[in-house]
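A short write-up of the structure that comes next.
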Amino acid sequence: MTKSFDKSRLPSRHVSVGPERAPHRSYYYAMGLTEEEIARPFVGIASAGNDSAPCNTTLDAQADIARGGVEQGGGMPRRFNTITVTDGIAMGHQGMKSSLVSREVIADSIELSVRGHCYDALLGFAGCDKSLPGMMMAMLRLNVPSIFVYGGSILPGRFQDRDVTVVDVFEVVGKHAAGSCPLSEVEALEKVACPGHGACGGQFTANTMACVGEAIGLSMPNSNMAPAPYSTRDQVAHAAGVQLMDILASNIRPRDICTREAFENAARIVAATGGSTNAALHLPAMAHEAGIEFDLFDVAETFKTTPYMADLKPGGRYVAKDMHEAGGVYMLMKSLLAEGFLHGDCLTVTGRTLAENIDEITWNPDQKVIYDAKAPITPTGGVVGLKGSLAPEGAIVKVAGMERLQFRGPARCFDREEDAFAAVEARDIADGSVIVIRYEGPKGGPGMREMLSTTAALYGQGMGERVALITDGRFSGATRGFCIGHVGPEAAVGGPIGLIEDGDVIAIDAEAGSIELEVDRELLEKRRQIWKPPATDYGAGALWRFASNVGPAYKGAVTHPGGKEEKHCYADI
């Protein structure tokens, strides 16, 4: 044990100090703790580990390794688990309605466990899409000293002498439906695309938010891109436990780290890596927990001036393993900082500033994954915000790897994803169409489903560049093509997307940042007068509760008033 702590100002004093806490201490003695161990700070180690999917299967083991680091630093680790909903398995059916809702449940469950047991610090391990922002949202909500650890990505599979990911499997479904590949190819690919433990390997939502963890300062430098099977993940877990005790001793809290400038840094990294459009939902939600105004338009404004620098799938050629071997997120940030794109004075969990951490990195000119900010892949980011008559509250599109940045065509409307997917499978979509999938927003879904099954099927059929798709739902970070999500206001609350009729012309310009419905205002108003809000399919349970409380997508689809309205901060109880 390297240091001692005075518990008189720590939350755990409420369950471990004084004669009145003898009943509480009896439980700790029952678990084998000694008097000296009960006198240490109690550190919550939250793990999203489970057997649901390979994203999560190594997390519990990593969390257990972190125990040793916490103990070495003078703390008493208390591990607990939270849920996940794994998007790759929930995709393409009603299960996807649970995905975004799980982000709130994860944050809530961590908050309640920490509050109930009066933990003094928090170490979080997550591996799949919503568990990453959910974990970081809880850290910002509780504001106890915290470190976020990503479980690591999966290694790429090999098929027909090329690297593949799960996205190739989604897309081969479209190829098979189009009659351009036999079922035997689908079956062969599905068996090799995901060769082991870890989250999806491209710059999809999990890896995007893992990059955010480092850029925003809540993760250890260059810790998150190492693949799950690498032994270095164990070293990261142990080091995070040790470091957490250092920042507890210094009382460095998440809100000291995650300032508005840090959120701008995080948005830069999303755009520079061609990351998931879901980051434009999760960054505002995280900021909301800290009482910071940082909505979709703030994210998009940062995207506008950020060079696209990392050649990562789905728009590029490489996966997270390659990014790690090229030098990681900090290699990319070194170039961004040198060109003035980052706020280098932001504090991080190392106790040093971002610039001080970056100063320890040496640029690797021999790697092929990360371009220099002076000579990027494209001069503006891989993700773009849109606004216009069709989306007064904004929308988002990933343009990384796209050649066509303008699209204009007639609408083909569907009121749920299943109907759109059936039309795609039946090849009942005309070239030049703008597919509209609505009533899939936060309230209308409810749950704001991702549309990867539909977009991947389009790409598999060779239609990916010949149609556009807009939705008030979301897209997977693995989606590619002209796909616009988060359209707001959503259809379920009377947004313009709910008033579109088949044949209406929609014009999208990702360079100008516009999305327009070319329908006369008077005609649109007539449609509005006869429009009626649809009834949700859910009259009870978690999805009903979410639909009843959730706010608009451009503010993060959050379900409570946030840091600005809190009466006290948990860390100060």
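Residue names in the structure tokens use chain letters A, B, ... in the order shown, residue numbers from 1 in each chain, and ligand numbers from 1 in the order shown.
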
> If you count only C-alpha atoms, which residues fall within 8 Å of A:Met91, apart from same-chain ones fewer than 3 positions away, as a VMD selection string?
Replying inline: chain A and resid 87 to 88 95 to 96 450 to 453

Test item: residues at most 10 Å from stretch 534-548 of chain A, only C-alpha atoms, excluding those fewer than 6 positions along its chain, as a list in words: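 Non-adjacent residues within range: Lys97, Ser98, Leu100, Val101, Ser102, Glu104, Val105, Tyr439, Gly441, Pro442, Lys443, Gly444, Gly445, Pro446, Gly447, Met448, Ala491, Ala492, Val493, Gly494, Ala557, Val558 and Thr559 of chain A.
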
Show me a table, sorted first by chain and then by increasing residue number, of the residues of stretch 205-278 of chain A having an atom at most 12 Å from stretch 52-57 of chain A, each with its shortest atom pair and the distance in Å to one decimal, counting only C-alpha atoms and written as CSV.
residue,atom,partner,partner_atom,distance
A:Ala206,CA,A:Cys55,CA,9.1
A:Asn207,CA,A:Cys55,CA,11.0
A:Pro227,CA,A:Cys55,CA,10.7
A:Ala228,CA,A:Cys55,CA,8.5
A:Pro229,CA,A:Thr57,CA,10.8

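Proximity ranking of A:Thr84, A:Asn251, A:Glu418, A:Ala46 relative to A:Leu10 places A:Asn251 first, based on only C-alpha atoms.
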
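Atom CA of A:Asp419 to atom CA of A:Thr277 spans 23.4 Å [interatomic distance, one decimal].
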
Among the residues of stretch 391-571 of chain A, find those DSSP assigns to alpha helix (DSSP H) from the backbone and print them as a PDB file with N, CA, C and O atoms, in the first residue's frame.
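Saved the output as part.pdb:
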ATOM      1  N   GLU A 417     -38.567   0.509 -39.699  1.00  0.00           N
ATOM      2  CA  GLU A 417     -37.422  -0.044 -40.423  1.00  0.00           C
ATOM      3  C   GLU A 417     -37.758  -1.362 -41.110  1.00  0.00           C
ATOM      4  O   GLU A 417     -37.294  -1.626 -42.228  1.00  0.00           O
ATOM      5  N   GLU A 418     -38.548  -2.223 -40.470  1.00  0.00           N
ATOM      6  CA  GLU A 418     -38.831  -3.530 -41.052  1.00  0.00           C
ATOM      7  C   GLU A 418     -39.414  -3.405 -42.458  1.00  0.00           C
ATOM      8  O   GLU A 418     -39.080  -4.192 -43.355  1.00  0.00           O
ATOM      9  N   ASP A 419     -40.289  -2.421 -42.673  1.00  0.00           N
ATOM     10  CA  ASP A 419     -40.905  -2.246 -43.986  1.00  0.00           C
ATOM     11  C   ASP A 419     -39.880  -1.788 -45.018  1.00  0.00           C
ATOM     12  O   ASP A 419     -39.912  -2.227 -46.176  1.00  0.00           O
ATOM     13  N   ALA A 420     -38.974  -0.923 -44.588  1.00  0.00           N
ATOM     14  CA  ALA A 420     -37.921  -0.468 -45.505  1.00  0.00           C
ATOM     15  C   ALA A 420     -37.001  -1.621 -45.868  1.00  0.00           C
ATOM     16  O   ALA A 420     -36.625  -1.797 -47.044  1.00  0.00           O
ATOM     17  N   PHE A 421     -36.635  -2.429 -44.883  1.00  0.00           N
ATOM     18  CA  PHE A 421     -35.741  -3.563 -45.142  1.00  0.00           C
ATOM     19  C   PHE A 421     -36.400  -4.555 -46.097  1.00  0.00           C
ATOM     20  O   PHE A 421     -35.744  -5.081 -47.009  1.00  0.00           O
ATOM     21  N   ALA A 422     -37.695  -4.799 -45.905  1.00  0.00           N
ATOM     22  CA  ALA A 422     -38.411  -5.723 -46.798  1.00  0.00           C
ATOM     23  C   ALA A 422     -38.402  -5.201 -48.232  1.00  0.00           C
ATOM     24  O   ALA A 422     -38.226  -5.978 -49.188  1.00  0.00           O
ATOM     25  N   ALA A 423     -38.557  -3.885 -48.415  1.00  0.00           N
ATOM     26  CA  ALA A 423     -38.535  -3.303 -49.758  1.00  0.00           C
ATOM     27  C   ALA A 423     -37.146  -3.424 -50.373  1.00  0.00           C
ATOM     28  O   ALA A 423     -37.001  -3.689 -51.576  1.00  0.00           O
ATOM     29  N   VAL A 424     -36.124  -3.237 -49.548  1.00  0.00           N
ATOM     30  CA  VAL A 424     -34.749  -3.377 -50.055  1.00  0.00           C
ATOM     31  C   VAL A 424     -34.496  -4.822 -50.457  1.00  0.00           C
ATOM     32  O   VAL A 424     -33.953  -5.104 -51.536  1.00  0.00           O
ATOM     33  N   GLU A 425     -34.882  -5.759 -49.603  1.00  0.00           N
ATOM     34  CA  GLU A 425     -34.675  -7.177 -49.922  1.00  0.00           C
ATOM     35  C   GLU A 425     -35.399  -7.571 -51.200  1.00  0.00           C
ATOM     36  O   GLU A 425     -34.907  -8.393 -51.982  1.00  0.00           O
ATOM     37  N   LEU A 452     -28.558  -0.375 -39.457  1.00  0.00           N
ATOM     38  CA  LEU A 452     -27.454  -1.027 -40.159  1.00  0.00           C
ATOM     39  C   LEU A 452     -27.922  -2.153 -41.071  1.00  0.00           C
ATOM     40  O   LEU A 452     -27.380  -2.332 -42.162  1.00  0.00           O
ATOM     41  N   SER A 453     -28.894  -2.906 -40.647  1.00  0.00           N
ATOM     42  CA  SER A 453     -29.348  -4.018 -41.500  1.00  0.00           C
ATOM     43  C   SER A 453     -29.818  -3.500 -42.855  1.00  0.00           C
ATOM     44  O   SER A 453     -29.514  -4.087 -43.903  1.00  0.00           O
ATOM     45  N   THR A 454     -30.552  -2.394 -42.845  1.00  0.00           N
ATOM     46  CA  THR A 454     -31.062  -1.831 -44.101  1.00  0.00           C
ATOM     47  C   THR A 454     -29.951  -1.209 -44.929  1.00  0.00           C
ATOM     48  O   THR A 454     -29.852  -1.459 -46.142  1.00  0.00           O
ATOM     49  N   THR A 455     -29.098  -0.404 -44.299  1.00  0.00           N
ATOM     50  CA  THR A 455     -28.040   0.266 -45.069  1.00  0.00           C
ATOM     51  C   THR A 455     -27.015  -0.731 -45.595  1.00  0.00           C
ATOM     52  O   THR A 455     -26.522  -0.588 -46.720  1.00  0.00           O
ATOM     53  N   ALA A 456     -26.701  -1.750 -44.779  1.00  0.00           N
ATOM     54  CA  ALA A 456     -25.740  -2.758 -45.239  1.00  0.00           C
ATOM     55  C   ALA A 456     -26.315  -3.572 -46.396  1.00  0.00           C
ATOM     56  O   ALA A 456     -25.603  -3.908 -47.344  1.00  0.00           O
ATOM     57  N   ALA A 457     -27.608  -3.872 -46.330  1.00  0.00           N
ATOM     58  CA  ALA A 457     -28.238  -4.603 -47.431  1.00  0.00           C
ATOM     59  C   ALA A 457     -28.201  -3.782 -48.717  1.00  0.00           C
ATOM     60  O   ALA A 457     -27.953  -4.315 -49.816  1.00  0.00           O
ATOM     61  N   LEU A 458     -28.431  -2.468 -48.610  1.00  0.00           N
ATOM     62  CA  LEU A 458     -28.334  -1.594 -49.785  1.00  0.00           C
ATOM     63  C   LEU A 458     -26.931  -1.644 -50.377  1.00  0.00           C
ATOM     64  O   LEU A 458     -26.757  -1.756 -51.595  1.00  0.00           O
ATOM     65  N   TYR A 459     -25.931  -1.568 -49.508  1.00  0.00           N
ATOM     66  CA  TYR A 459     -24.550  -1.596 -50.001  1.00  0.00           C
ATOM     67  C   TYR A 459     -24.222  -2.939 -50.635  1.00  0.00           C
ATOM     68  O   TYR A 459     -23.560  -3.012 -51.672  1.00  0.00           O
ATOM     69  N   GLY A 460     -24.705  -3.994 -49.993  1.00  0.00           N
ATOM     70  CA  GLY A 460     -24.457  -5.328 -50.542  1.00  0.00           C
ATOM     71  C   GLY A 460     -25.059  -5.521 -51.913  1.00  0.00           C
ATOM     72  O   GLY A 460     -24.539  -6.274 -52.735  1.00  0.00           O
ATOM     73  N   ARG A 521     -44.685  25.673 -48.306  1.00  0.00           N
ATOM     74  CA  ARG A 521     -45.014  25.788 -46.889  1.00  0.00           C
ATOM     75  C   ARG A 521     -46.506  25.644 -46.621  1.00  0.00           C
ATOM     76  O   ARG A 521     -46.929  25.055 -45.625  1.00  0.00           O
ATOM     77  N   GLU A 522     -47.320  26.197 -47.506  1.00  0.00           N
ATOM     78  CA  GLU A 522     -48.773  26.113 -47.308  1.00  0.00           C
ATOM     79  C   GLU A 522     -49.258  24.669 -47.388  1.00  0.00           C
ATOM     80  O   GLU A 522     -50.105  24.236 -46.610  1.00  0.00           O
ATOM     81  N   LEU A 523     -48.714  23.934 -48.346  1.00  0.00           N
ATOM     82  CA  LEU A 523     -49.085  22.521 -48.481  1.00  0.00           C
ATOM     83  C   LEU A 523     -48.637  21.736 -47.248  1.00  0.00           C
ATOM     84  O   LEU A 523     -49.367  20.884 -46.732  1.00  0.00           O
ATOM     85  N   LEU A 524     -47.429  22.037 -46.780  1.00  0.00           N
ATOM     86  CA  LEU A 524     -46.919  21.355 -45.597  1.00  0.00           C
ATOM     87  C   LEU A 524     -47.789  21.649 -44.371  1.00  0.00           C
ATOM     88  O   LEU A 524     -48.067  20.761 -43.564  1.00  0.00           O
ATOM     89  N   GLU A 525     -48.267  22.878 -44.283  1.00  0.00           N
ATOM     90  CA  GLU A 525     -49.117  23.256 -43.154  1.00  0.00           C
ATOM     91  C   GLU A 525     -50.464  22.535 -43.225  1.00  0.00           C
ATOM     92  O   GLU A 525     -51.024  22.134 -42.195  1.00  0.00           O
ATOM     93  N   LYS A 526     -51.005  22.353 -44.432  1.00  0.00           N
ATOM     94  CA  LYS A 526     -52.252  21.600 -44.586  1.00  0.00           C
ATOM     95  C   LYS A 526     -52.079  20.162 -44.106  1.00  0.00           C
ATOM     96  O   LYS A 526     -52.951  19.598 -43.441  1.00  0.00           O
ATOM     97  N   ARG A 527     -50.918  19.586 -44.463  1.00  0.00           N
ATOM     98  CA  ARG A 527     -50.643  18.222 -43.998  1.00  0.00           C
ATOM     99  C   ARG A 527     -50.528  18.184 -42.477  1.00  0.00           C
ATOM    100  O   ARG A 527     -50.988  17.232 -41.825  1.00  0.00           O
ATOM    101  N   ARG A 528     -49.926  19.217 -41.914  1.00  0.00           N
ATOM    102  CA  ARG A 528     -49.759  19.263 -40.467  1.00  0.00           C
ATOM    103  C   ARG A 528     -51.108  19.294 -39.744  1.00  0.00           C
ATOM    104  O   ARG A 528     -51.261  18.706 -38.663  1.00  0.00           O
ATOM    105  N   GLN A 529     -52.072  19.977 -40.334  1.00  0.00           N
ATOM    106  CA  GLN A 529     -53.382  20.110 -39.707  1.00  0.00           C
ATOM    107  C   GLN A 529     -54.109  18.775 -39.598  1.00  0.00           C
ATOM    108  O   GLN A 529     -54.907  18.571 -38.675  1.00  0.00           O
ATOM    109  N   ILE A 530     -53.855  17.870 -40.530  1.00  0.00           N
ATOM    110  CA  ILE A 530     -54.550  16.573 -40.493  1.00  0.00           C
ATOM    111  C   ILE A 530     -53.687  15.460 -39.891  1.00  0.00           C
ATOM    112  O   ILE A 530     -54.155  14.341 -39.692  1.00  0.00           O
ATOM    113  N   GLY A 541     -43.403  -0.587 -18.900  1.00  0.00           N
ATOM    114  CA  GLY A 541     -42.027  -1.063 -18.917  1.00  0.00           C
ATOM    115  C   GLY A 541     -41.003   0.001 -19.252  1.00  0.00           C
ATOM    116  O   GLY A 541     -41.301   1.201 -19.360  1.00  0.00           O
ATOM    117  N   ALA A 542     -39.769  -0.442 -19.451  1.00  0.00           N
ATOM    118  CA  ALA A 542     -38.637   0.469 -19.632  1.00  0.00           C
ATOM    119  C   ALA A 542     -38.768   1.314 -20.895  1.00  0.00           C
ATOM    120  O   ALA A 542     -38.397   2.496 -20.896  1.00  0.00           O
ATOM    121  N   LEU A 543     -39.286   0.747 -21.976  1.00  0.00           N
ATOM    122  CA  LEU A 543     -39.415   1.510 -23.213  1.00  0.00           C
ATOM    123  C   LEU A 543     -40.487   2.593 -23.074  1.00  0.00           C
ATOM    124  O   LEU A 543     -40.332   3.705 -23.587  1.00  0.00           O
ATOM    125  N   TRP A 544     -41.582   2.281 -22.370  1.00  0.00           N
ATOM    126  CA  TRP A 544     -42.596   3.308 -22.108  1.00  0.00           C
ATOM    127  C   TRP A 544     -42.005   4.428 -21.260  1.00  0.00           C
ATOM    128  O   TRP A 544     -42.221   5.605 -21.536  1.00  0.00           O
ATOM    129  N   ARG A 545     -41.271   4.071 -20.225  1.00  0.00           N
ATOM    130  CA  ARG A 545     -40.680   5.080 -19.352  1.00  0.00           C
ATOM    131  C   ARG A 545     -39.725   5.972 -20.129  1.00  0.00           C
ATOM    132  O   ARG A 545     -39.712   7.200 -19.961  1.00  0.00           O
ATOM    133  N   PHE A 546     -38.910   5.375 -20.983  1.00  0.00           N
ATOM    134  CA  PHE A 546     -37.972   6.148 -21.795  1.00  0.00           C
ATOM    135  C   PHE A 546     -38.722   7.101 -22.716  1.00  0.00           C
ATOM    136  O   PHE A 546     -38.415   8.298 -22.781  1.00  0.00           O
ATOM    137  N   ALA A 547     -39.730   6.583 -23.429  1.00  0.00           N
ATOM    138  CA  ALA A 547     -40.498   7.420 -24.361  1.00  0.00           C
ATOM    139  C   ALA A 547     -41.186   8.569 -23.638  1.00  0.00           C
ATOM    140  O   ALA A 547     -41.330   9.666 -24.189  1.00  0.00           O
ATOM    141  N   SER A 548     -41.595   8.337 -22.405  1.00  0.00           N
ATOM    142  CA  SER A 548     -42.296   9.363 -21.637  1.00  0.00           C
ATOM    143  C   SER A 548     -41.374  10.485 -21.169  1.00  0.00           C
ATOM    144  O   SER A 548     -41.836  11.613 -20.942  1.00  0.00           O
ATOM    145  N   ASN A 549     -40.104  10.192 -21.015  1.00  0.00           N
ATOM    146  CA  ASN A 549     -39.177  11.154 -20.413  1.00  0.00           C
ATOM    147  C   ASN A 549     -38.114  11.699 -21.353  1.00  0.00           C
ATOM    148  O   ASN A 549     -37.487  12.715 -21.046  1.00  0.00           O
TER     149      ASN A 549
END

A:Arg141 proximity check over A:Glu565, A:Glu111, A:Glu356, A:Glu339, using only C-alpha atoms: winner is A:Glu111

- [ ] Find the residues around A:Glu35 up to 10 Å (only C-alpha atoms counted), leave out those fewer than 4 positions away in its own chain, and share them as an NGL selection string.
- [x] :A and (16 or 25 or 28-29 or 39-40)

For the selection just defined, write its residues with N, CA, C and O atoms to a file, as a PDB file, in the first residue's frame.
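And here's part_30.pdb as it stands now:
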ATOM      1  N   SER A  16     -18.709   3.224   7.018  1.00  0.00           N
ATOM      2  CA  SER A  16     -17.552   2.528   7.596  1.00  0.00           C
ATOM      3  C   SER A  16     -16.912   3.204   8.813  1.00  0.00           C
ATOM      4  O   SER A  16     -16.013   2.615   9.410  1.00  0.00           O
ATOM      5  N   ARG A  25     -20.214  -2.271   9.037  1.00  0.00           N
ATOM      6  CA  ARG A  25     -18.897  -2.912   9.002  1.00  0.00           C
ATOM      7  C   ARG A  25     -19.010  -4.428   9.129  1.00  0.00           C
ATOM      8  O   ARG A  25     -18.179  -5.172   8.599  1.00  0.00           O
ATOM      9  N   TYR A  28     -18.844  -6.065   5.905  1.00  0.00           N
ATOM     10  CA  TYR A  28     -17.505  -6.113   5.311  1.00  0.00           C
ATOM     11  C   TYR A  28     -16.647  -7.190   5.963  1.00  0.00           C
ATOM     12  O   TYR A  28     -15.882  -7.883   5.287  1.00  0.00           O
ATOM     13  N   TYR A  29     -16.794  -7.348   7.277  1.00  0.00           N
ATOM     14  CA  TYR A  29     -16.081  -8.451   7.932  1.00  0.00           C
ATOM     15  C   TYR A  29     -16.570  -9.792   7.391  1.00  0.00           C
ATOM     16  O   TYR A  29     -15.782 -10.729   7.217  1.00  0.00           O
ATOM     17  N   ALA A  39     -10.800   0.563   6.637  1.00  0.00           N
ATOM     18  CA  ALA A  39     -10.403   1.956   6.833  1.00  0.00           C
ATOM     19  C   ALA A  39      -9.912   2.624   5.548  1.00  0.00           C
ATOM     20  O   ALA A  39      -9.706   3.841   5.517  1.00  0.00           O
ATOM     21  N   ARG A  40      -9.751   1.857   4.484  1.00  0.00           N
ATOM     22  CA  ARG A  40      -9.301   2.435   3.211  1.00  0.00           C
ATOM     23  C   ARG A  40     -10.483   3.060   2.460  1.00  0.00           C
ATOM     24  O   ARG A  40     -11.641   2.751   2.738  1.00  0.00           O
TER      25      ARG A  40
END

Skipping near chain neighbours, those fewer than 6 positions away, what residues fall within 9 Å of A:Gly49 using only C-alpha atoms, listed as a short mmCIF file (atom, residue, chain, number, x, y, z; two decimals) with C-alpha atoms, in the first residue's frame?
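The result, stored in out.cif:
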data_model
loop_
_atom_site.label_atom_id
_atom_site.label_comp_id
_atom_site.auth_asym_id
_atom_site.auth_seq_id
_atom_site.Cartn_x
_atom_site.Cartn_y
_atom_site.Cartn_z
CA CYS A 55 -17.42 -7.08 -26.82
CA ASN A 56 -17.97 -7.83 -23.15
CA THR A 57 -16.48 -11.24 -22.45
CA THR A 58 -13.08 -10.04 -21.19
CA LEU A 59 -14.31 -7.13 -19.07
CA ASP A 60 -14.78 -8.95 -15.78
CA ALA A 61 -11.27 -10.42 -15.98
CA ALA A 63 -11.81 -5.47 -13.83
CA ASN A 81 -21.72 -5.25 -12.79
CA THR A 82 -24.07 -3.39 -15.05
CA ILE A 83 -26.01 -4.47 -18.13
CA THR A 84 -25.33 -4.06 -21.83
CA PHE A 125 -14.84 -1.10 -17.79
CA ALA A 126 -17.01 -1.13 -20.92
CA GLY A 127 -16.86 -2.77 -24.31
#

In Å and to one decimal, atom CA of A:Val397 is distant from atom CA of A:Pro284 by 16.5 Å

Report task. Would you list the contacts of A:Glu190 as a list in words, taking every protein, DNA or RNA residue within 10 Å and counting only C-alpha atoms, but skipping same-chain residues closer than 2 positions in sequence? Result ->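 Contacts, in chain order: Gly157, Phe159, Thr165, Val166, Asp168, Val169, Phe170, Val172, Glu185, Val186, Glu187, Ala188, Val192, Ala193, Cys194 and Pro195 of chain A.
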
Discussion item. Can you tell me which residues surround A:Lys313 at a distance of at most 12 Å, considering only C-alpha atoms, apart from same-chain residues fewer than 5 positions away, and format the answer as a PyMOL selection string?
Written reply: chain A and resi 156+163-168+200-205+207-208+273-276+318-323+369+382+398+400-401+477-480
